[in-house]
$ cat data_2.tsv   # TSV, C-alpha atoms
chain	number	residue	atom	x	y	z
A	1	MET	CA	35.63	-109.91	53.79
A	2	GLN	CA	37.23	-109.91	57.23
A	3	ALA	CA	38.64	-113.22	58.46
A	4	ILE	CA	36.69	-114.77	61.30
A	5	ASN	CA	38.46	-116.60	64.09
A	6	ALA	CA	36.52	-119.34	65.81
A	7	GLN	CA	37.25	-122.30	68.06
A	8	LEU	CA	35.45	-125.45	69.08
A	9	THR	CA	34.14	-125.44	72.61
A	10	CYS	CA	31.82	-127.49	74.75
A	11	PRO	CA	28.25	-126.43	73.94
A	12	LYS	CA	26.62	-124.40	76.69
A	13	GLU	CA	22.93	-124.13	77.49
A	14	GLN	CA	22.74	-120.73	75.79
A	15	HIS	CA	24.16	-122.30	72.58
A	16	LEU	CA	21.47	-124.98	72.65
A	17	GLU	CA	18.78	-122.36	73.29
A	18	GLU	CA	19.95	-120.47	70.21
A	19	MET	CA	20.02	-123.67	68.14
A	20	LEU	CA	16.34	-124.23	69.00
A	21	THR	CA	15.57	-121.28	66.71
A	22	TRP	CA	17.45	-122.68	63.69
A	23	PHE	CA	14.92	-125.35	62.71
A	24	HIS	CA	11.41	-124.29	61.78
A	25	ASP	CA	9.66	-127.55	61.02
A	26	LYS	CA	9.77	-131.27	61.60
A	27	GLN	CA	11.33	-131.99	58.19
A	28	ALA	CA	14.24	-129.61	58.83
A	29	VAL	CA	14.97	-131.32	62.15
A	30	PHE	CA	14.56	-134.79	60.62
A	31	ASP	CA	16.94	-133.90	57.76
A	32	TRP	CA	19.56	-132.57	60.17
A	33	ALA	CA	19.30	-134.85	63.18
A	34	GLY	CA	17.59	-138.02	62.02
A	35	PRO	CA	14.21	-139.66	62.52
A	36	ASN	CA	14.51	-140.23	66.27
A	37	PHE	CA	14.78	-136.54	67.13
A	38	ARG	CA	11.57	-135.22	68.69
A	39	TYR	CA	9.70	-132.25	67.24
A	40	PRO	CA	8.34	-129.99	68.47
A	41	TYR	CA	11.10	-129.91	71.03
A	42	SER	CA	11.93	-128.28	74.30
A	43	LEU	CA	15.41	-127.43	75.55
A	44	THR	CA	15.29	-130.64	77.59
A	45	SER	CA	14.20	-132.92	74.74
A	46	PHE	CA	16.60	-131.20	72.31
A	47	SER	CA	19.53	-131.75	74.70
A	48	GLU	CA	18.52	-135.36	75.36
A	49	ASP	CA	18.08	-136.17	71.68
A	50	LEU	CA	21.51	-134.74	70.88
A	51	SER	CA	22.98	-137.43	73.20
A	52	LEU	CA	25.42	-134.88	74.59
A	53	SER	CA	26.58	-137.30	77.29
A	54	LYS	CA	27.37	-140.01	74.71
A	55	LEU	CA	28.64	-138.18	71.64
A	56	ALA	CA	31.57	-135.77	71.35
A	57	SER	CA	29.70	-132.52	70.77
A	58	PHE	CA	31.10	-129.10	69.97
A	59	ALA	CA	29.95	-125.56	69.37
A	60	LEU	CA	31.98	-123.40	66.99
A	61	VAL	CA	32.20	-120.02	68.69
A	62	SER	CA	33.72	-116.78	67.42
A	63	ASP	CA	36.25	-114.75	69.38
A	64	ALA	CA	33.30	-112.50	70.29
A	65	GLN	CA	31.55	-115.60	71.76
A	66	GLN	CA	28.91	-115.74	69.03
A	67	LEU	CA	27.63	-119.20	68.15
A	68	ILE	CA	28.58	-120.03	64.57
A	69	GLY	CA	27.85	-123.74	64.33
A	70	PHE	CA	27.59	-127.14	65.94
A	71	GLY	CA	28.78	-130.65	65.17
A	72	GLN	CA	29.39	-134.06	66.67
A	73	TYR	CA	31.59	-137.07	66.00
A	74	TYR	CA	31.83	-140.69	67.06
A	75	ARG	CA	33.51	-143.90	65.94
A	76	ARG	CA	31.64	-145.74	63.19
A	77	LEU	CA	33.21	-148.54	61.12
A	78	ASP	CA	36.66	-147.56	62.47
A	79	ARG	CA	36.31	-144.04	61.13
A	80	CYS	CA	35.67	-140.68	62.73
A	81	HIS	CA	32.03	-140.22	61.77
A	82	LEU	CA	30.92	-136.58	61.65
A	83	ALA	CA	27.30	-135.91	62.51
A	84	ARG	CA	24.70	-133.18	62.98
A	85	ILE	CA	26.85	-130.52	61.37
A	86	VAL	CA	25.06	-127.19	61.16
A	87	ILE	CA	25.95	-123.53	60.71
A	88	SER	CA	23.80	-120.79	62.21
A	89	PRO	CA	21.49	-119.28	59.57
A	90	LYS	CA	23.04	-115.86	60.15
A	91	TRP	CA	26.56	-117.18	59.47
A	92	ARG	CA	25.83	-119.25	56.34
A	93	GLY	CA	27.52	-118.41	53.07
A	94	LYS	CA	30.73	-117.20	54.71
A	95	GLY	CA	32.82	-120.38	54.35
A	96	LEU	CA	32.48	-121.27	58.02
A	97	ALA	CA	31.24	-124.82	57.40
A	98	LYS	CA	34.76	-125.55	56.16
A	99	MET	CA	36.23	-124.24	59.42
A	100	LEU	CA	33.78	-126.26	61.53
A	101	ILE	CA	34.33	-129.48	59.58
A	102	GLU	CA	38.12	-129.14	59.53
A	103	GLN	CA	38.36	-128.46	63.27
A	104	LEU	CA	35.83	-131.15	64.19
A	105	ASN	CA	37.46	-133.70	61.91
A	106	ALA	CA	40.99	-133.00	63.18
A	107	LYS	CA	39.86	-133.32	66.79
A	108	GLY	CA	37.93	-136.51	66.05
A	109	LEU	CA	40.74	-138.21	64.14
A	110	LYS	CA	43.20	-137.47	66.94
A	111	THR	CA	40.88	-138.37	69.81
A	112	LEU	CA	39.62	-141.59	68.23
A	113	ASN	CA	43.08	-142.47	66.86
A	114	VAL	CA	41.78	-143.29	63.38
A	115	LYS	CA	42.96	-142.30	59.91
A	116	GLN	CA	39.70	-141.85	58.00
A	117	SER	CA	36.48	-139.91	58.40
A	118	SER	CA	32.92	-140.47	57.25
A	119	LEU	CA	29.54	-138.80	57.24
A	120	PHE	CA	26.03	-139.11	55.91
A	121	VAL	CA	24.45	-136.36	53.81
A	122	LEU	CA	21.10	-136.10	52.08
A	123	SER	CA	21.30	-136.15	48.30
A	124	HIS	CA	19.25	-132.93	47.97
A	125	ASN	CA	21.68	-130.99	50.19
A	126	HIS	CA	23.83	-129.88	47.26
A	127	GLN	CA	25.67	-127.13	49.15
A	128	ALA	CA	26.79	-129.57	51.86
A	129	ILE	CA	27.87	-132.17	49.28
A	130	TYR	CA	29.87	-129.50	47.44
A	131	THR	CA	31.54	-128.43	50.69
A	132	TYR	CA	32.36	-132.01	51.70
A	133	GLN	CA	33.82	-132.75	48.26
A	134	LYS	CA	35.97	-129.60	48.44
A	135	LEU	CA	37.30	-130.93	51.75
A	136	GLY	CA	38.23	-134.28	50.21
A	137	PHE	CA	35.20	-136.42	51.02
A	138	VAL	CA	34.06	-138.81	48.28
A	139	LYS	CA	30.83	-140.74	47.86
A	140	SER	CA	31.20	-144.36	48.87
A	141	ASP	CA	29.10	-147.47	49.27
A	142	TYR	CA	27.90	-148.11	52.80
A	143	PRO	CA	28.30	-151.77	53.87
A	144	GLU	CA	24.75	-151.97	55.26
A	145	ALA	CA	21.31	-150.83	54.16
A	146	ILE	CA	20.68	-147.14	54.82
A	147	ALA	CA	17.17	-146.41	56.11
A	148	ARG	CA	16.76	-143.34	53.89
A	149	LYS	CA	17.01	-143.82	50.14
A	150	ASP	CA	18.08	-140.17	49.70
A	151	CYS	CA	21.06	-140.55	52.04
A	152	LEU	CA	24.63	-140.64	50.75
A	153	TYR	CA	27.68	-141.98	52.59
A	154	MET	CA	30.96	-140.11	52.14
A	155	ILE	CA	34.45	-140.90	53.35
A	156	LYS	CA	37.78	-139.08	53.51

$ encode --input "data_2.tsv" --output "structure tokens"
Amino acid sequence: MQAINAQLTCPKEQHLEEMLTWFHDKQAVFDWAGPNFRYPYSLTSFSEDLSLSKLASFALVSDAQQLIGFGQYYRRLDRCHLARIVISPKWRGKGLAKMLIEQLNAKGLKTLNVKQSSLFVLSHNHQAIYTYQKLGFVKSDYPEAIARKDCLYMIK
């Protein structure tokens, strides 16, 4: 398999338009983005619900300018909290989630000047949990009630 080079960049409108095609039902959007994300969505509502003006948001783009993935981070409990991590359906299974998470996490830790990271993941998302564990994340207790019973908190 040929190595793929990719970098984080500011998401452009064409990236968001492509992402609109990645989620085919309300449950998929809810699982990825949370209960306050509208569905069905338009480009406008999708962009608004991503809170692009409030959250550090990045597209992972190949050297050939193909959209590979998307992710966000923000400060939560004095950690770099990773959120809304997703790999394009056509790029899944190629180890690119690792690249996205590592780049996003490194940028977040440096920008936020914190030493630890965190994220939420749904307990049925076994592939994501496996990937996070390979990257050093461990399941941890969250200090508050989590709205979803099937949601796990992980820290690194």

$ residues_around --input "data_2.tsv" --residues "A:Val138" --least-positions-apart "3" --cutoff "8 Å" --atoms "all atoms listed in the file" --output "count of residues only"
5

$ closest_atom_pairs --input "data_2.tsv" --of "stretch 54-135 of chain A" --to "stretch 143-146 of chain A" --cutoff "12 Å" --atoms "only C-alpha atoms" --output "CSV"
residue,atom,partner,partner_atom,distance
A:Arg76,CA,A:Pro143,CA,11.6
A:Leu77,CA,A:Pro143,CA,9.3
A:Phe120,CA,A:Ile146,CA,9.7
A:Val121,CA,A:Ile146,CA,11.5
A:Leu122,CA,A:Ile146,CA,11.4

$ closest_residue --input "data_2.tsv" --among "A:Lys90, A:Arg75, A:His81, A:Lys107" --to "A:Leu8" --atoms "all atoms listed in the file"
A:Lys107

$ closest_residue --input "data_2.tsv" --among "A:Ile68, A:Cys80, A:Ala106, A:Leu152" --to "A:Asn5" --atoms "all atoms listed in the file"
A:Ile68

$ closest_residue --input "data_2.tsv" --among "A:Arg148, A:Ala3, A:Lys134, A:Glu18" --to "A:Leu96" --atoms "all atoms listed in the file"
A:Ala3

$ closest_residue --input "data_2.tsv" --among "A:Ala33, A:Ala28, A:Leu16, A:Ile101" --to "A:Ser47" --atoms "only C-alpha atoms"
A:Leu16

$ closest_residue --input "data_2.tsv" --among "A:Tyr74, A:Gln127, A:Phe137, A:Pro89" --to "A:Asn113" --atoms "all atoms listed in the file"
A:Tyr74

$ decode --input "data_2.tsv" --residues "stretch 48-86 of chain A" --atoms "N, CA and C atoms" --output "PDB file, in the first residue's frame"
ATOM      1  N   GLU A  48     -23.558  25.795  10.364  1.00  0.00           N
ATOM      2  CA  GLU A  48     -23.912  26.424  11.644  1.00  0.00           C
ATOM      3  C   GLU A  48     -23.787  25.447  12.799  1.00  0.00           C
ATOM      4  N   ASP A  49     -24.295  24.225  12.614  1.00  0.00           N
ATOM      5  CA  ASP A  49     -24.283  23.250  13.690  1.00  0.00           C
ATOM      6  C   ASP A  49     -22.873  22.749  14.010  1.00  0.00           C
ATOM      7  N   LEU A  50     -21.960  22.857  13.069  1.00  0.00           N
ATOM      8  CA  LEU A  50     -20.569  22.508  13.345  1.00  0.00           C
ATOM      9  C   LEU A  50     -19.879  23.554  14.229  1.00  0.00           C
ATOM     10  N   SER A  51     -20.500  24.723  14.389  1.00  0.00           N
ATOM     11  CA  SER A  51     -19.921  25.818  15.183  1.00  0.00           C
ATOM     12  C   SER A  51     -18.514  26.165  14.706  1.00  0.00           C
ATOM     13  N   LEU A  52     -18.368  26.298  13.408  1.00  0.00           N
ATOM     14  CA  LEU A  52     -17.057  26.553  12.816  1.00  0.00           C
ATOM     15  C   LEU A  52     -16.410  27.839  13.323  1.00  0.00           C
ATOM     16  N   SER A  53     -17.228  28.812  13.711  1.00  0.00           N
ATOM     17  CA  SER A  53     -16.665  30.073  14.205  1.00  0.00           C
ATOM     18  C   SER A  53     -16.230  29.983  15.665  1.00  0.00           C
ATOM     19  N   LYS A  54     -16.669  28.916  16.363  1.00  0.00           N
ATOM     20  CA  LYS A  54     -16.360  28.776  17.791  1.00  0.00           C
ATOM     21  C   LYS A  54     -15.359  27.668  18.088  1.00  0.00           C
ATOM     22  N   LEU A  55     -15.354  26.620  17.276  1.00  0.00           N
ATOM     23  CA  LEU A  55     -14.494  25.472  17.531  1.00  0.00           C
ATOM     24  C   LEU A  55     -13.375  25.386  16.495  1.00  0.00           C
ATOM     25  N   ALA A  56     -12.185  25.024  16.952  1.00  0.00           N
ATOM     26  CA  ALA A  56     -11.074  24.789  16.022  1.00  0.00           C
ATOM     27  C   ALA A  56     -11.463  23.594  15.154  1.00  0.00           C
ATOM     28  N   SER A  57     -11.579  23.827  13.859  1.00  0.00           N
ATOM     29  CA  SER A  57     -12.105  22.817  12.935  1.00  0.00           C
ATOM     30  C   SER A  57     -11.131  22.631  11.780  1.00  0.00           C
ATOM     31  N   PHE A  58     -10.901  21.368  11.420  1.00  0.00           N
ATOM     32  CA  PHE A  58      -9.903  21.078  10.401  1.00  0.00           C
ATOM     33  C   PHE A  58     -10.352  19.968   9.470  1.00  0.00           C
ATOM     34  N   ALA A  59      -9.997  20.141   8.203  1.00  0.00           N
ATOM     35  CA  ALA A  59     -10.158  19.097   7.205  1.00  0.00           C
ATOM     36  C   ALA A  59      -8.788  18.453   7.016  1.00  0.00           C
ATOM     37  N   LEU A  60      -8.750  17.133   6.902  1.00  0.00           N
ATOM     38  CA  LEU A  60      -7.528  16.429   6.539  1.00  0.00           C
ATOM     39  C   LEU A  60      -7.594  16.223   5.039  1.00  0.00           C
ATOM     40  N   VAL A  61      -6.623  16.813   4.335  1.00  0.00           N
ATOM     41  CA  VAL A  61      -6.647  16.840   2.876  1.00  0.00           C
ATOM     42  C   VAL A  61      -5.360  16.220   2.342  1.00  0.00           C
ATOM     43  N   SER A  62      -5.498  15.385   1.328  1.00  0.00           N
ATOM     44  CA  SER A  62      -4.337  14.736   0.706  1.00  0.00           C
ATOM     45  C   SER A  62      -3.554  15.746  -0.123  1.00  0.00           C
ATOM     46  N   ASP A  63      -2.353  15.344  -0.515  1.00  0.00           N
ATOM     47  CA  ASP A  63      -1.541  16.202  -1.389  1.00  0.00           C
ATOM     48  C   ASP A  63      -2.273  16.520  -2.690  1.00  0.00           C
ATOM     49  N   ALA A  64      -3.158  15.609  -3.109  1.00  0.00           N
ATOM     50  CA  ALA A  64      -3.947  15.815  -4.333  1.00  0.00           C
ATOM     51  C   ALA A  64      -5.227  16.598  -4.043  1.00  0.00           C
ATOM     52  N   GLN A  65      -5.318  17.183  -2.840  1.00  0.00           N
ATOM     53  CA  GLN A  65      -6.454  18.014  -2.416  1.00  0.00           C
ATOM     54  C   GLN A  65      -7.766  17.242  -2.283  1.00  0.00           C
ATOM     55  N   GLN A  66      -7.674  15.946  -2.010  1.00  0.00           N
ATOM     56  CA  GLN A  66      -8.870  15.146  -1.756  1.00  0.00           C
ATOM     57  C   GLN A  66      -9.169  15.196  -0.256  1.00  0.00           C
ATOM     58  N   LEU A  67     -10.439  15.352   0.069  1.00  0.00           N
ATOM     59  CA  LEU A  67     -10.857  15.380   1.466  1.00  0.00           C
ATOM     60  C   LEU A  67     -10.819  13.966   2.041  1.00  0.00           C
ATOM     61  N   ILE A  68     -10.040  13.804   3.107  1.00  0.00           N
ATOM     62  CA  ILE A  68      -9.895  12.504   3.754  1.00  0.00           C
ATOM     63  C   ILE A  68     -10.731  12.437   5.025  1.00  0.00           C
ATOM     64  N   GLY A  69     -10.730  13.519   5.790  1.00  0.00           N
ATOM     65  CA  GLY A  69     -11.445  13.493   7.059  1.00  0.00           C
ATOM     66  C   GLY A  69     -11.645  14.878   7.630  1.00  0.00           C
ATOM     67  N   PHE A  70     -12.248  14.896   8.808  1.00  0.00           N
ATOM     68  CA  PHE A  70     -12.592  16.144   9.486  1.00  0.00           C
ATOM     69  C   PHE A  70     -12.536  15.900  10.980  1.00  0.00           C
ATOM     70  N   GLY A  71     -12.163  16.937  11.730  1.00  0.00           N
ATOM     71  CA  GLY A  71     -12.191  16.855  13.182  1.00  0.00           C
ATOM     72  C   GLY A  71     -12.124  18.232  13.813  1.00  0.00           C
ATOM     73  N   GLN A  72     -12.488  18.290  15.081  1.00  0.00           N
ATOM     74  CA  GLN A  72     -12.487  19.534  15.830  1.00  0.00           C
ATOM     75  C   GLN A  72     -11.847  19.303  17.194  1.00  0.00           C
ATOM     76  N   TYR A  73     -11.440  20.400  17.829  1.00  0.00           N
ATOM     77  CA  TYR A  73     -11.006  20.305  19.220  1.00  0.00           C
ATOM     78  C   TYR A  73     -11.369  21.584  19.951  1.00  0.00           C
ATOM     79  N   TYR A  74     -11.437  21.463  21.268  1.00  0.00           N
ATOM     80  CA  TYR A  74     -11.684  22.607  22.144  1.00  0.00           C
ATOM     81  C   TYR A  74     -11.227  22.234  23.543  1.00  0.00           C
ATOM     82  N   ARG A  75     -11.121  23.211  24.423  1.00  0.00           N
ATOM     83  CA  ARG A  75     -10.717  22.959  25.802  1.00  0.00           C
ATOM     84  C   ARG A  75     -11.929  22.470  26.593  1.00  0.00           C
ATOM     85  N   ARG A  76     -11.738  21.349  27.286  1.00  0.00           N
ATOM     86  CA  ARG A  76     -12.780  20.792  28.155  1.00  0.00           C
ATOM     87  C   ARG A  76     -12.064  20.156  29.348  1.00  0.00           C
ATOM     88  N   LEU A  77     -12.384  20.613  30.541  1.00  0.00           N
ATOM     89  CA  LEU A  77     -11.767  20.110  31.767  1.00  0.00           C
ATOM     90  C   LEU A  77     -10.237  20.172  31.693  1.00  0.00           C
ATOM     91  N   ASP A  78      -9.730  21.276  31.179  1.00  0.00           N
ATOM     92  CA  ASP A  78      -8.284  21.513  31.029  1.00  0.00           C
ATOM     93  C   ASP A  78      -7.570  20.451  30.192  1.00  0.00           C
ATOM     94  N   ARG A  79      -8.299  19.912  29.241  1.00  0.00           N
ATOM     95  CA  ARG A  79      -7.717  18.977  28.272  1.00  0.00           C
ATOM     96  C   ARG A  79      -8.076  19.448  26.868  1.00  0.00           C
ATOM     97  N   CYS A  80      -7.323  18.977  25.908  1.00  0.00           N
ATOM     98  CA  CYS A  80      -7.670  19.165  24.500  1.00  0.00           C
ATOM     99  C   CYS A  80      -8.706  18.102  24.170  1.00  0.00           C
ATOM    100  N   HIS A  81      -9.945  18.527  24.014  1.00  0.00           N
ATOM    101  CA  HIS A  81     -11.030  17.585  23.759  1.00  0.00           C
ATOM    102  C   HIS A  81     -11.264  17.474  22.256  1.00  0.00           C
ATOM    103  N   LEU A  82     -11.057  16.273  21.722  1.00  0.00           N
ATOM    104  CA  LEU A  82     -11.262  16.017  20.297  1.00  0.00           C
ATOM    105  C   LEU A  82     -12.729  15.708  20.049  1.00  0.00           C
ATOM    106  N   ALA A  83     -13.245  16.192  18.938  1.00  0.00           N
ATOM    107  CA  ALA A  83     -14.673  16.039  18.676  1.00  0.00           C
ATOM    108  C   ALA A  83     -14.947  15.884  17.184  1.00  0.00           C
ATOM    109  N   ARG A  84     -16.076  15.267  16.899  1.00  0.00           N
ATOM    110  CA  ARG A  84     -16.592  15.127  15.526  1.00  0.00           C
ATOM    111  C   ARG A  84     -15.520  14.632  14.547  1.00  0.00           C
ATOM    112  N   ILE A  85     -14.822  13.613  14.978  1.00  0.00           N
ATOM    113  CA  ILE A  85     -13.788  13.009  14.134  1.00  0.00           C
ATOM    114  C   ILE A  85     -14.473  12.066  13.148  1.00  0.00           C
ATOM    115  N   VAL A  86     -14.149  12.238  11.879  1.00  0.00           N
ATOM    116  CA  VAL A  86     -14.748  11.381  10.859  1.00  0.00           C
ATOM    117  C   VAL A  86     -13.794  11.264   9.672  1.00  0.00           C
TER     118      VAL A  86
END
